[in-house]
file coords_10.cif (mmCIF, C-alpha atoms)
data_my_file
#
loop_
_atom_site.label_atom_id
_atom_site.label_comp_id
_atom_site.auth_asym_id
_atom_site.auth_seq_id
_atom_site.Cartn_x
_atom_site.Cartn_y
_atom_site.Cartn_z
CA MET F 239 -75.21 -208.77 -6.34
CA THR F 240 -76.15 -206.27 -9.04
CA GLU F 241 -74.63 -206.79 -12.47
CA ALA F 242 -73.56 -203.90 -14.69
CA LEU F 243 -75.92 -203.19 -17.56
CA ASP F 244 -74.99 -204.21 -21.07
CA PRO F 245 -74.30 -201.10 -23.22
CA ARG F 246 -77.35 -202.01 -25.30
CA ASP F 247 -79.54 -201.70 -22.18
CA ASN F 248 -77.78 -198.84 -20.39
CA PRO F 249 -79.59 -195.46 -20.48
CA ASP F 250 -76.84 -193.64 -18.56
CA LEU F 251 -73.46 -192.29 -19.64
CA THR F 252 -71.10 -190.90 -17.01
CA GLY F 253 -68.01 -188.75 -17.45
CA HIS F 254 -68.15 -188.11 -21.20
CA ASP F 255 -70.15 -184.91 -21.53
CA ALA F 256 -67.65 -183.39 -23.97
CA ALA F 257 -67.95 -186.30 -26.41
CA GLU F 258 -71.73 -186.20 -26.23
CA ARG F 259 -71.72 -182.43 -26.76
CA ALA F 260 -69.47 -182.77 -29.82
CA PHE F 261 -71.90 -185.18 -31.48
CA LEU F 262 -74.90 -183.00 -30.59
CA ASP F 263 -73.21 -179.91 -32.02
CA ALA F 264 -72.60 -181.75 -35.29
CA TRP F 265 -76.20 -183.01 -35.35
CA ASN F 266 -77.67 -179.57 -34.63
CA SER F 267 -75.44 -177.94 -37.25
CA GLY F 268 -76.84 -180.16 -40.00
CA ARG F 269 -73.31 -181.24 -40.99
CA LEU F 270 -73.20 -184.67 -39.39
CA ALA F 271 -70.24 -186.87 -40.34
CA HIS F 272 -71.33 -190.23 -41.75
CA ALA F 273 -68.72 -192.17 -39.72
CA TRP F 274 -67.51 -191.68 -36.15
CA LEU F 275 -64.54 -193.30 -34.46
CA LEU F 276 -65.13 -193.69 -30.71
CA SER F 277 -61.71 -194.31 -29.22
CA GLY F 278 -60.23 -194.76 -25.76
CA PRO F 279 -59.28 -197.50 -23.27
CA LYS F 280 -61.51 -200.52 -22.80
CA GLY F 281 -64.36 -200.31 -20.36
CA ILE F 282 -64.81 -196.54 -20.11
CA GLY F 283 -68.16 -196.24 -21.91
CA LYS F 284 -67.46 -196.22 -25.67
CA ALA F 285 -70.06 -198.87 -26.46
CA THR F 286 -72.55 -197.20 -24.12
CA LEU F 287 -72.05 -193.95 -26.06
CA ALA F 288 -72.41 -195.77 -29.40
CA TYR F 289 -75.80 -197.22 -28.44
CA ARG F 290 -76.82 -193.87 -27.00
CA ILE F 291 -76.05 -192.22 -30.35
CA ALA F 292 -77.83 -194.99 -32.26
CA ARG F 293 -81.00 -194.67 -30.17
CA PHE F 294 -80.93 -190.89 -30.54
CA ALA F 295 -80.58 -191.02 -34.33
CA LEU F 296 -83.15 -193.78 -34.82
CA ALA F 297 -85.62 -191.85 -32.68
CA GLY F 298 -85.21 -188.89 -35.03
CA GLY F 299 -83.17 -186.74 -32.68
CA GLY F 300 -84.34 -187.75 -29.25
CA GLU F 301 -87.00 -185.95 -27.30
CA GLY F 302 -87.12 -182.57 -29.05
CA GLY F 303 -85.26 -179.27 -29.11
CA GLY F 304 -83.66 -177.17 -26.43
CA LEU F 305 -85.11 -174.33 -24.41
CA PHE F 306 -85.08 -171.90 -27.33
CA GLY F 307 -85.65 -174.44 -30.10
CA GLY F 308 -81.96 -174.74 -30.98
CA GLY F 309 -82.00 -178.50 -31.28
CA PRO F 310 -81.79 -181.33 -28.74
CA GLU F 311 -79.48 -180.80 -25.78
CA SER F 312 -78.93 -184.43 -24.81
CA LEU F 313 -78.58 -187.82 -26.46
CA ALA F 314 -80.58 -189.40 -23.64
CA LEU F 315 -83.62 -191.49 -24.47
CA PRO F 316 -85.74 -192.91 -21.64
CA ALA F 317 -85.75 -196.68 -21.22
CA SER F 318 -89.51 -196.62 -21.77
CA HIS F 319 -89.14 -195.23 -25.30
CA PRO F 320 -90.17 -197.73 -28.04
CA VAL F 321 -86.85 -197.28 -29.88
CA PHE F 322 -84.92 -197.96 -26.67
CA ARG F 323 -86.93 -201.11 -25.96
CA ARG F 324 -86.54 -202.48 -29.49
CA ILE F 325 -82.79 -201.88 -29.59
CA SER F 326 -82.47 -203.50 -26.17
CA ALA F 327 -84.30 -206.55 -27.55
CA SER F 328 -82.13 -206.57 -30.73
CA GLY F 329 -85.29 -205.96 -32.73
CA HIS F 330 -84.76 -202.67 -34.56
CA GLY F 331 -84.62 -203.10 -38.32
CA ASP F 332 -82.49 -200.02 -38.94
CA LEU F 333 -79.63 -200.99 -36.59
CA LYS F 334 -76.90 -203.48 -37.45
CA VAL F 335 -74.28 -204.48 -34.86
CA VAL F 336 -71.05 -206.14 -36.02
CA GLN F 337 -68.99 -208.10 -33.50
CA ARG F 338 -66.77 -211.16 -33.51
CA GLY F 339 -68.72 -214.28 -34.40
CA TYR F 340 -68.55 -217.67 -32.73
CA SER F 341 -65.97 -220.22 -33.78
CA ASP F 342 -68.05 -223.27 -32.76
CA ASP F 343 -71.58 -224.50 -33.37
CA LYS F 344 -72.43 -224.44 -29.66
CA LYS F 345 -71.55 -220.72 -29.52
CA THR F 346 -69.26 -221.06 -26.55
CA LYS F 347 -66.08 -219.52 -27.98
CA LEU F 348 -65.64 -216.31 -29.94
CA LYS F 349 -63.41 -215.98 -32.97
CA THR F 350 -60.17 -214.09 -32.48
CA GLU F 351 -61.11 -211.47 -35.09
CA ILE F 352 -63.93 -209.96 -37.13
CA VAL F 353 -63.78 -211.58 -40.57
CA ILE F 354 -65.06 -210.65 -44.01
CA ASP F 355 -68.30 -212.63 -43.59
CA ASP F 356 -69.15 -210.55 -40.51
CA VAL F 357 -69.03 -207.24 -42.42
CA ARG F 358 -70.01 -208.34 -45.93
CA GLY F 359 -73.57 -207.05 -45.69
CA ILE F 360 -72.79 -203.62 -44.25
CA GLY F 361 -72.79 -201.76 -47.59
CA ALA F 362 -76.09 -203.25 -48.72
CA PHE F 363 -77.69 -202.63 -45.33
CA MET F 364 -76.66 -198.96 -45.24
CA SER F 365 -77.82 -198.40 -48.83
CA LEU F 366 -81.35 -199.62 -48.16
CA THR F 367 -84.10 -197.11 -47.54
CA PRO F 368 -84.54 -196.90 -43.76
CA ALA F 369 -87.47 -199.04 -42.70
CA GLU F 370 -88.84 -196.20 -40.59
CA GLY F 371 -87.97 -193.31 -42.86
CA GLY F 372 -85.08 -191.95 -40.80
CA TRP F 373 -81.57 -193.33 -40.44
CA ARG F 374 -79.69 -196.58 -40.77
CA VAL F 375 -76.99 -197.15 -38.15
CA VAL F 376 -74.11 -199.65 -38.01
CA ILE F 377 -72.05 -200.23 -34.86
CA ILE F 378 -68.74 -202.10 -35.18
CA ASP F 379 -67.53 -203.32 -31.77
CA ALA F 380 -64.59 -203.33 -31.87
CA ALA F 381 -63.12 -202.09 -35.14
CA ASP F 382 -59.61 -203.04 -33.91
CA GLU F 383 -60.65 -206.69 -34.20
CA MET F 384 -61.26 -206.60 -37.96
CA ASN F 385 -58.78 -208.55 -40.04
CA ARG F 386 -57.33 -207.01 -43.20
CA ASN F 387 -60.07 -208.24 -45.53
CA ALA F 388 -62.85 -207.08 -43.22
CA ALA F 389 -61.19 -203.68 -42.79
CA ASN F 390 -60.88 -203.23 -46.56
CA ALA F 391 -64.57 -204.08 -47.01
CA VAL F 392 -65.54 -201.45 -44.43
CA LEU F 393 -63.21 -198.95 -46.09
CA LYS F 394 -65.11 -199.30 -49.39
CA VAL F 395 -68.32 -198.35 -47.61
CA LEU F 396 -66.65 -195.36 -45.98
CA GLU F 397 -65.34 -194.16 -49.34
CA GLU F 398 -68.88 -193.94 -50.78
CA PRO F 399 -71.17 -193.40 -47.79
CA PRO F 400 -74.92 -193.69 -48.44
CA ARG F 401 -77.24 -190.88 -47.39
CA ASN F 402 -78.93 -191.03 -43.99
CA ALA F 403 -76.55 -193.75 -42.88
CA LEU F 404 -74.33 -193.59 -39.82
CA MET F 405 -71.39 -195.84 -38.93
CA LEU F 406 -70.02 -195.94 -35.38
CA LEU F 407 -66.65 -197.64 -35.00
CA ILE F 408 -65.57 -198.49 -31.45
CA SER F 409 -61.80 -198.65 -31.06
CA HIS F 410 -59.60 -199.46 -28.07
CA SER F 411 -56.40 -199.02 -30.10
CA PRO F 412 -57.01 -196.73 -33.10
CA GLY F 413 -53.38 -197.07 -34.15
CA ARG F 414 -54.21 -200.63 -35.26
CA LEU F 415 -56.76 -199.40 -37.79
CA LEU F 416 -55.96 -198.62 -41.40
CA PRO F 417 -54.93 -194.95 -41.69
CA THR F 418 -57.46 -194.61 -44.51
CA ILE F 419 -60.26 -195.72 -42.17
CA ARG F 420 -59.17 -193.27 -39.48
CA SER F 421 -59.00 -190.43 -41.99
CA ARG F 422 -62.60 -190.99 -43.10
CA CYS F 423 -64.05 -190.84 -39.59
CA ARG F 424 -64.82 -188.00 -37.21
CA ARG F 425 -62.89 -188.81 -34.04
CA LEU F 426 -64.44 -188.82 -30.56
CA THR F 427 -61.77 -189.60 -27.96
CA LEU F 428 -63.06 -190.72 -24.59
CA ASN F 429 -60.68 -190.28 -21.67
CA PRO F 430 -60.26 -192.61 -18.66
CA LEU F 431 -62.72 -191.83 -15.90
CA PRO F 432 -61.55 -190.13 -12.68
CA GLU F 433 -60.99 -192.58 -9.83
CA PRO F 434 -63.92 -191.19 -7.75
CA THR F 435 -66.25 -191.67 -10.74
CA VAL F 436 -65.12 -195.29 -11.14
CA ALA F 437 -65.69 -195.81 -7.42
CA ASP F 438 -69.23 -194.39 -7.61
CA LEU F 439 -70.10 -196.57 -10.61
CA LEU F 440 -68.66 -199.61 -8.84
CA MET F 441 -70.75 -198.95 -5.75
CA ASN F 442 -73.88 -198.70 -7.89
CA ALA F 443 -73.13 -201.88 -9.83
CA ARG F 444 -71.70 -203.91 -6.94
CA PRO F 445 -73.24 -202.77 -3.64
CA ASP F 446 -72.01 -206.03 -2.10
CA LEU F 447 -68.40 -204.80 -2.17
CA GLY F 448 -66.82 -203.15 0.86
CA GLY F 449 -65.24 -199.72 0.84
CA GLU F 450 -61.67 -201.03 0.89
CA ASP F 451 -62.37 -203.29 -2.08
CA ILE F 452 -64.07 -200.44 -3.96
CA THR F 453 -60.99 -198.24 -3.50
CA ALA F 454 -58.57 -200.98 -4.56
CA LEU F 455 -60.61 -201.98 -7.62
CA SER F 456 -60.99 -198.33 -8.65
CA ARG F 457 -57.19 -198.00 -8.68
CA LEU F 458 -56.72 -201.29 -10.49
CA GLY F 459 -59.26 -200.15 -13.09
CA GLU F 460 -57.15 -197.09 -14.00
CA GLY F 461 -60.12 -195.11 -15.21
CA SER F 462 -62.02 -198.09 -16.65
CA VAL F 463 -65.11 -199.16 -14.76
CA GLY F 464 -65.42 -202.09 -17.17
CA LYS F 465 -61.98 -203.36 -16.16
CA ALA F 466 -62.76 -202.84 -12.47
CA LEU F 467 -66.05 -204.75 -12.75
CA ALA F 468 -64.38 -207.59 -14.66
CA LEU F 469 -61.72 -207.89 -11.96
CA ALA F 470 -64.41 -207.91 -9.28
CA SER F 471 -66.38 -210.68 -10.98
CA GLU F 472 -63.28 -212.79 -11.71
CA GLY F 473 -61.74 -212.55 -8.25
CA GLY F 474 -59.03 -210.29 -9.60
CA LEU F 475 -58.56 -208.31 -6.40
CA ASP F 476 -57.88 -211.45 -4.33
CA LEU F 477 -55.43 -212.63 -6.98
CA TYR F 478 -53.70 -209.25 -6.95
CA ARG F 479 -53.36 -209.41 -3.17
CA GLU F 480 -51.81 -212.87 -3.50
CA LEU F 481 -49.37 -211.56 -6.10
CA ILE F 482 -48.28 -208.70 -3.85
CA ALA F 483 -48.01 -211.03 -0.85
CA MET F 484 -45.67 -213.37 -2.78
CA LEU F 485 -43.63 -210.51 -4.21
CA SER F 486 -43.31 -209.00 -0.73
CA ALA F 487 -41.09 -211.96 0.24
CA LEU F 488 -38.44 -210.76 -2.22
CA PRO F 489 -35.49 -210.92 -2.57
CA LYS F 490 -36.18 -214.58 -1.67
CA LEU F 491 -39.47 -216.06 -2.85
CA ASP F 492 -41.49 -218.62 -0.89
CA VAL F 493 -40.98 -221.43 -3.41
CA PRO F 494 -43.62 -223.87 -2.05
CA ALA F 495 -46.22 -221.08 -2.02
CA LEU F 496 -45.23 -220.07 -5.55
CA HIS F 497 -45.62 -223.66 -6.83
CA ALA F 498 -49.03 -223.97 -5.20
CA PHE F 499 -50.15 -220.68 -6.73
CA ALA F 500 -48.82 -221.60 -10.18
CA ASP F 501 -50.54 -225.01 -10.00
CA ARG F 502 -53.87 -223.35 -9.24
CA VAL F 503 -53.86 -220.71 -11.98
CA ALA F 504 -52.33 -223.00 -14.62
CA LYS F 505 -55.13 -225.59 -14.55
CA ALA F 506 -56.90 -226.30 -17.82
CA ASP F 507 -60.23 -225.12 -16.35
CA ALA F 508 -58.75 -221.91 -14.91
CA ASP F 509 -58.54 -219.81 -18.09
CA ALA F 510 -60.04 -216.73 -16.43
CA ALA F 511 -57.64 -216.92 -13.47
CA TRP F 512 -54.65 -217.43 -15.77
CA ARG F 513 -55.59 -214.48 -17.96
CA THR F 514 -56.22 -212.27 -14.93
CA VAL F 515 -52.96 -213.18 -13.18
CA THR F 516 -50.77 -212.73 -16.26
CA GLU F 517 -52.36 -209.36 -17.03
CA LEU F 518 -52.02 -208.22 -13.42
CA LEU F 519 -48.38 -209.26 -13.11
CA SER F 520 -47.44 -207.51 -16.38
CA TRP F 521 -49.44 -204.47 -15.29
CA TRP F 522 -47.75 -204.39 -11.88
CA LEU F 523 -44.26 -204.52 -13.41
CA ALA F 524 -45.21 -201.60 -15.66
CA ARG F 525 -46.55 -199.81 -12.57
CA LEU F 526 -43.24 -200.48 -10.79
CA ILE F 527 -41.38 -198.83 -13.67
CA ARG F 528 -43.72 -195.83 -13.59
CA ALA F 529 -43.23 -195.58 -9.82
CA GLY F 530 -39.50 -195.18 -10.42
CA GLY F 531 -39.98 -192.31 -12.85
CA ARG F 532 -41.71 -188.98 -12.84
CA GLU F 533 -45.14 -190.53 -13.32
CA GLY F 534 -44.76 -192.30 -9.99
CA ARG F 535 -44.85 -189.17 -7.88
CA GLY F 536 -47.91 -189.32 -5.64
CA MET F 537 -48.90 -192.80 -6.85
CA SER F 538 -51.43 -194.37 -4.47
CA GLU F 539 -51.15 -197.92 -3.19
CA VAL F 540 -53.67 -200.46 -4.41
CA VAL F 541 -53.07 -202.67 -1.37
CA PRO F 542 -51.10 -201.92 1.83
CA GLY F 543 -47.37 -202.58 1.66
CA GLU F 544 -47.12 -202.08 -2.09
CA ALA F 545 -45.15 -198.82 -1.86
CA ALA F 546 -42.52 -200.34 0.46
CA LEU F 547 -42.15 -203.34 -1.87
CA MET F 548 -41.64 -201.07 -4.88
CA GLY F 549 -39.10 -199.02 -2.98
CA ARG F 550 -37.01 -202.12 -2.18
CA LEU F 551 -37.11 -203.40 -5.75
CA LEU F 552 -36.24 -200.04 -7.27
CA THR F 553 -33.22 -199.89 -4.97
CA ALA F 554 -32.11 -203.35 -6.08
CA ALA F 555 -31.92 -202.49 -9.80
CA ASP F 556 -32.33 -199.51 -12.11
CA LEU F 557 -35.35 -198.84 -14.33
CA GLU F 558 -33.68 -200.09 -17.50
CA ARG F 559 -33.19 -203.56 -16.01
CA TRP F 560 -36.76 -203.66 -14.68
CA LEU F 561 -37.95 -202.64 -18.14
CA GLU F 562 -36.07 -205.63 -19.60
CA VAL F 563 -37.79 -207.97 -17.10
CA TRP F 564 -41.20 -206.49 -17.94
CA GLU F 565 -40.58 -207.03 -21.66
CA LYS F 566 -39.43 -210.63 -21.12
CA VAL F 567 -42.35 -211.52 -18.83
CA THR F 568 -44.93 -209.94 -21.15
CA ALA F 569 -43.46 -211.73 -24.18
CA LEU F 570 -43.32 -215.03 -22.26
CA PHE F 571 -47.00 -214.89 -21.35
CA ALA F 572 -47.99 -213.94 -24.91
CA ARG F 573 -45.95 -216.82 -26.35
CA THR F 574 -47.41 -219.24 -23.79
CA ASP F 575 -50.93 -218.37 -24.91
CA ALA F 576 -50.06 -218.33 -28.61
CA VAL F 577 -48.41 -221.75 -28.85
CA ASN F 578 -49.88 -223.43 -25.77
CA LEU F 579 -46.72 -223.69 -23.69
CA ASP F 580 -46.75 -225.07 -20.15
CA ARG F 581 -48.53 -222.44 -18.07
CA LYS F 582 -47.06 -223.44 -14.73
CA GLN F 583 -43.52 -223.34 -16.06
CA ALA F 584 -44.17 -219.93 -17.62
CA MET F 585 -45.45 -218.57 -14.29
CA LEU F 586 -42.46 -219.95 -12.39
CA THR F 587 -40.06 -218.54 -14.99
CA ALA F 588 -41.63 -215.09 -14.69
CA PHE F 589 -41.37 -214.99 -10.89
CA LEU F 590 -37.83 -216.35 -10.88
CA ALA F 591 -36.76 -213.66 -13.35
CA ILE F 592 -38.11 -211.06 -10.93
CA GLU F 593 -36.36 -212.77 -8.01
CA ARG F 594 -32.99 -212.80 -9.79
CA LEU F 595 -33.14 -209.08 -10.38
CA ALA F 596 -34.37 -208.36 -6.85
CA ARG F 597 -31.31 -210.20 -5.48
CA ALA F 598 -28.98 -208.10 -7.58
#
call {"tool": "encode", "arguments": {"input": "coords_10.cif", "output": "structure tokens"}}
result
Amino acid sequence: MTEALDPRDNPDLTGHDAAERAFLDAWNSGRLAHAWLLSGPKGIGKATLAYRIARFALAGGGEGGGLFGGGPESLALPASHPVFRRISASGHGDLKVVQRGYSDDKKTKLKTEIVIDDVRGIGAFMSLTPAEGGWRVVIIDAADEMNRNAANAVLKVLEEPPRNALMLLISHSPGRLLPTIRSRCRRLTLNPLPEPTVADLLMNARPDLGGEDITALSRLGEGSVGKALALASEGGLDLYRELIAMLSALPKLDVPALHAFADRVAKADADAAWRTVTELLSWWLARLIRAGGREGRGMSEVVPGEAALMGRLLTAADLERWLEVWEKVTALFARTDAVNLDRKQAMLTAFLAIERLARA
């Protein structure tokens, strides 16, 4: 099995030529914004682009100018480059990476947010003279995870940016950021990858997967190779097939099978399975609603039999009632995680709510 490269170690960026070109044009123009907001869904390459930009800047603009001396034409830096190797080893003095810290001494569990202590030193770091005479770069991954105090501290730095300092904010949901932070950043929006591109990246990262699994995971990923790879490593495709198999019994669920399934994913040591199943069930209900509207035209099946199942359920009730079930199920799972409710009971409640509507 081949694992996907960490963004820090990944020399390749696929499917985001326009975003790369936009940064290069700004660099070559001599009017480079001091802060960039890299936004888009999770797992599509935002962090990979951020490290690619950081390596490029810290290497003084990559490997030289274009064919006619008009400036560099790519952000790419070979993995053999000293700057690449030092960043990969977390040993470059002019790069600071801000992420959620650990909540325990054993470093087994991450905090739920980026706090003020995590960002406190950003201003001082960016104001220092670069150790190697070029740039200082800060990557915040992900900026959405900053709490209010941390966000305000970053805002102060953005209001008075030091010279030769570059801040790269990675954001999965830019609407969650302070408007004043968004307004002080140049925006680079990365779009979901085409399904064939996700499939190609999956095949490269996971050559052990069969063609049918590659196709299914590419559709589940919805343009995010990161999501597809996470599902592959966590057994998400098998869990999705189980979900569809149980739902296919509607309008009358196989209750013993449902209890056995709920018992398995609700165990205290099955956090990954629980998270995957709840996300997949909520996602599938949203997909069902899309299938009943204009967006559903030409929608491909993830697994065989899915289209027939959706057709039956959409005949049983209108979209408004399915939307209500989706909202209730999503809220139930969120509340279960937030206040530690009984996981098995929450799973049973969700499926029974779907069954009641299917019988209507």
call {"tool": "residues_around", "arguments": {"input": "coords_10.cif", "residues": "segment 274-283 of chain F", "least_positions_apart": "6", "cutoff": "8 Å", "atoms": "only C-alpha atoms", "output": "JSON, numbers by chain"}}
result
{"F": [245, 251, 252, 404, 405, 406, 407, 408, 409, 410, 411, 412, 420, 423, 424, 425, 426, 427, 428, 429, 430, 431, 461, 462, 463, 464, 465]}
call {"tool": "residues_around", "arguments": {"input": "coords_10.cif", "residues": "Arg525 of chain F", "least_positions_apart": "4", "cutoff": "12 Å", "atoms": "all atoms listed in the file", "output": "PyMOL selection string"}}
result
chain F and resi 457-458+460+518-521+529-535+537-540+544-545+548+552+557+560-561+564
call {"tool": "write_last_selection", "arguments": {"input": "coords_10.cif", "atoms": "C-alpha atoms", "output": "CSV table (one decimal), in the coordinates of the input"}}
result
chain,number,residue,atom,x,y,z
F,457,ARG,CA,-57.2,-198.0,-8.7
F,458,LEU,CA,-56.7,-201.3,-10.5
F,460,GLU,CA,-57.2,-197.1,-14.0
F,518,LEU,CA,-52.0,-208.2,-13.4
F,519,LEU,CA,-48.4,-209.3,-13.1
F,520,SER,CA,-47.4,-207.5,-16.4
F,521,TRP,CA,-49.4,-204.5,-15.3
F,529,ALA,CA,-43.2,-195.6,-9.8
F,530,GLY,CA,-39.5,-195.2,-10.4
F,531,GLY,CA,-40.0,-192.3,-12.8
F,532,ARG,CA,-41.7,-189.0,-12.8
F,533,GLU,CA,-45.1,-190.5,-13.3
F,534,GLY,CA,-44.8,-192.3,-10.0
F,535,ARG,CA,-44.8,-189.2,-7.9
F,537,MET,CA,-48.9,-192.8,-6.8
F,538,SER,CA,-51.4,-194.4,-4.5
F,539,GLU,CA,-51.2,-197.9,-3.2
F,540,VAL,CA,-53.7,-200.5,-4.4
F,544,GLU,CA,-47.1,-202.1,-2.1
F,545,ALA,CA,-45.2,-198.8,-1.9
F,548,MET,CA,-41.6,-201.1,-4.9
F,552,LEU,CA,-36.2,-200.0,-7.3
F,557,LEU,CA,-35.4,-198.8,-14.3
F,560,TRP,CA,-36.8,-203.7,-14.7
F,561,LEU,CA,-38.0,-202.6,-18.1
F,564,TRP,CA,-41.2,-206.5,-17.9
call {"tool": "closest_residue", "arguments": {"input": "coords_10.cif", "among": "F:Asp355, F:Glu517, F:Asp492, F:Glu258", "to": "Gly339 of chain F", "atoms": "all atoms listed in the file"}}
result
F:Asp355
call {"tool": "residues_around", "arguments": {"input": "coords_10.cif", "residues": "Phe571 of chain F", "least_positions_apart": "4", "cutoff": "7 Å", "atoms": "all atoms listed in the file", "output": "list in words"}}
result
Thr516, Val567, Asp575 and Ala584 of chain F
call {"tool": "resolve_selection", "arguments": {"input": "coords_10.cif", "expression": "the PyMOL selection byres ((chain F and resi 496-500) around 10)", "output": "list in words"}}
result
Leu477, Glu480, Leu481, Met484, Leu485, Leu491, Asp492, Val493, Pro494, Ala495, Asp501, Arg502, Val503, Ala504, Lys505, Trp512, Val515, Arg581, Lys582, Gln583, Ala584, Met585, Leu586, Phe589 and Leu590 of chain F
call {"tool": "atom_distance", "arguments": {"input": "coords_10.cif", "atom1": "atom CA of Asn402 of chain F", "atom2": "atom CA of Ala273 of chain F"}}
result
11.1 Å
call {"tool": "closest_residue", "arguments": {"input": "coords_10.cif", "among": "F:Leu287, F:Val357, F:Val541, F:Ala572", "to": "His254 of chain F", "atoms": "only C-alpha atoms"}}
result
F:Leu287
call {"tool": "residues_around", "arguments": {"input": "coords_10.cif", "residues": "segment 362-375 of chain F", "least_positions_apart": "2", "cutoff": "12 Å", "atoms": "only C-alpha atoms", "output": "PDB file with C-alpha atoms, in the frame of the given file"}}
result
ATOM      1  CA  HIS F 272     -71.330-190.230 -41.750  1.00  0.00           C
ATOM      2  CA  ALA F 273     -68.720-192.170 -39.720  1.00  0.00           C
ATOM      3  CA  TRP F 274     -67.510-191.680 -36.150  1.00  0.00           C
ATOM      4  CA  ALA F 288     -72.410-195.770 -29.400  1.00  0.00           C
ATOM      5  CA  TYR F 289     -75.800-197.220 -28.440  1.00  0.00           C
ATOM      6  CA  ARG F 290     -76.820-193.870 -27.000  1.00  0.00           C
ATOM      7  CA  ILE F 291     -76.050-192.220 -30.350  1.00  0.00           C
ATOM      8  CA  ALA F 292     -77.830-194.990 -32.260  1.00  0.00           C
ATOM      9  CA  ARG F 293     -81.000-194.670 -30.170  1.00  0.00           C
ATOM     10  CA  PHE F 294     -80.930-190.890 -30.540  1.00  0.00           C
ATOM     11  CA  ALA F 295     -80.580-191.020 -34.330  1.00  0.00           C
ATOM     12  CA  LEU F 296     -83.150-193.780 -34.820  1.00  0.00           C
ATOM     13  CA  ALA F 297     -85.620-191.850 -32.680  1.00  0.00           C
ATOM     14  CA  GLY F 298     -85.210-188.890 -35.030  1.00  0.00           C
ATOM     15  CA  GLY F 299     -83.170-186.740 -32.680  1.00  0.00           C
ATOM     16  CA  VAL F 321     -86.850-197.280 -29.880  1.00  0.00           C
ATOM     17  CA  ILE F 325     -82.790-201.880 -29.590  1.00  0.00           C
ATOM     18  CA  HIS F 330     -84.760-202.670 -34.560  1.00  0.00           C
ATOM     19  CA  GLY F 331     -84.620-203.100 -38.320  1.00  0.00           C
ATOM     20  CA  ASP F 332     -82.490-200.020 -38.940  1.00  0.00           C
ATOM     21  CA  LEU F 333     -79.630-200.990 -36.590  1.00  0.00           C
ATOM     22  CA  LYS F 334     -76.900-203.480 -37.450  1.00  0.00           C
ATOM     23  CA  VAL F 335     -74.280-204.480 -34.860  1.00  0.00           C
ATOM     24  CA  VAL F 336     -71.050-206.140 -36.020  1.00  0.00           C
ATOM     25  CA  VAL F 357     -69.030-207.240 -42.420  1.00  0.00           C
ATOM     26  CA  ARG F 358     -70.010-208.340 -45.930  1.00  0.00           C
ATOM     27  CA  GLY F 359     -73.570-207.050 -45.690  1.00  0.00           C
ATOM     28  CA  ILE F 360     -72.790-203.620 -44.250  1.00  0.00           C
ATOM     29  CA  ILE F 377     -72.050-200.230 -34.860  1.00  0.00           C
ATOM     30  CA  ILE F 378     -68.740-202.100 -35.180  1.00  0.00           C
ATOM     31  CA  ALA F 391     -64.570-204.080 -47.010  1.00  0.00           C
ATOM     32  CA  VAL F 392     -65.540-201.450 -44.430  1.00  0.00           C
ATOM     33  CA  LYS F 394     -65.110-199.300 -49.390  1.00  0.00           C
ATOM     34  CA  VAL F 395     -68.320-198.350 -47.610  1.00  0.00           C
ATOM     35  CA  LEU F 396     -66.650-195.360 -45.980  1.00  0.00           C
ATOM     36  CA  GLU F 398     -68.880-193.940 -50.780  1.00  0.00           C
ATOM     37  CA  PRO F 399     -71.170-193.400 -47.790  1.00  0.00           C
ATOM     38  CA  PRO F 400     -74.920-193.690 -48.440  1.00  0.00           C
ATOM     39  CA  ARG F 401     -77.240-190.880 -47.390  1.00  0.00           C
ATOM     40  CA  ASN F 402     -78.930-191.030 -43.990  1.00  0.00           C
ATOM     41  CA  ALA F 403     -76.550-193.750 -42.880  1.00  0.00           C
ATOM     42  CA  LEU F 404     -74.330-193.590 -39.820  1.00  0.00           C
ATOM     43  CA  MET F 405     -71.390-195.840 -38.930  1.00  0.00           C
ATOM     44  CA  LEU F 406     -70.020-195.940 -35.380  1.00  0.00           C
ATOM     45  CA  LEU F 407     -66.650-197.640 -35.000  1.00  0.00           C
TER      46      LEU F 407
END
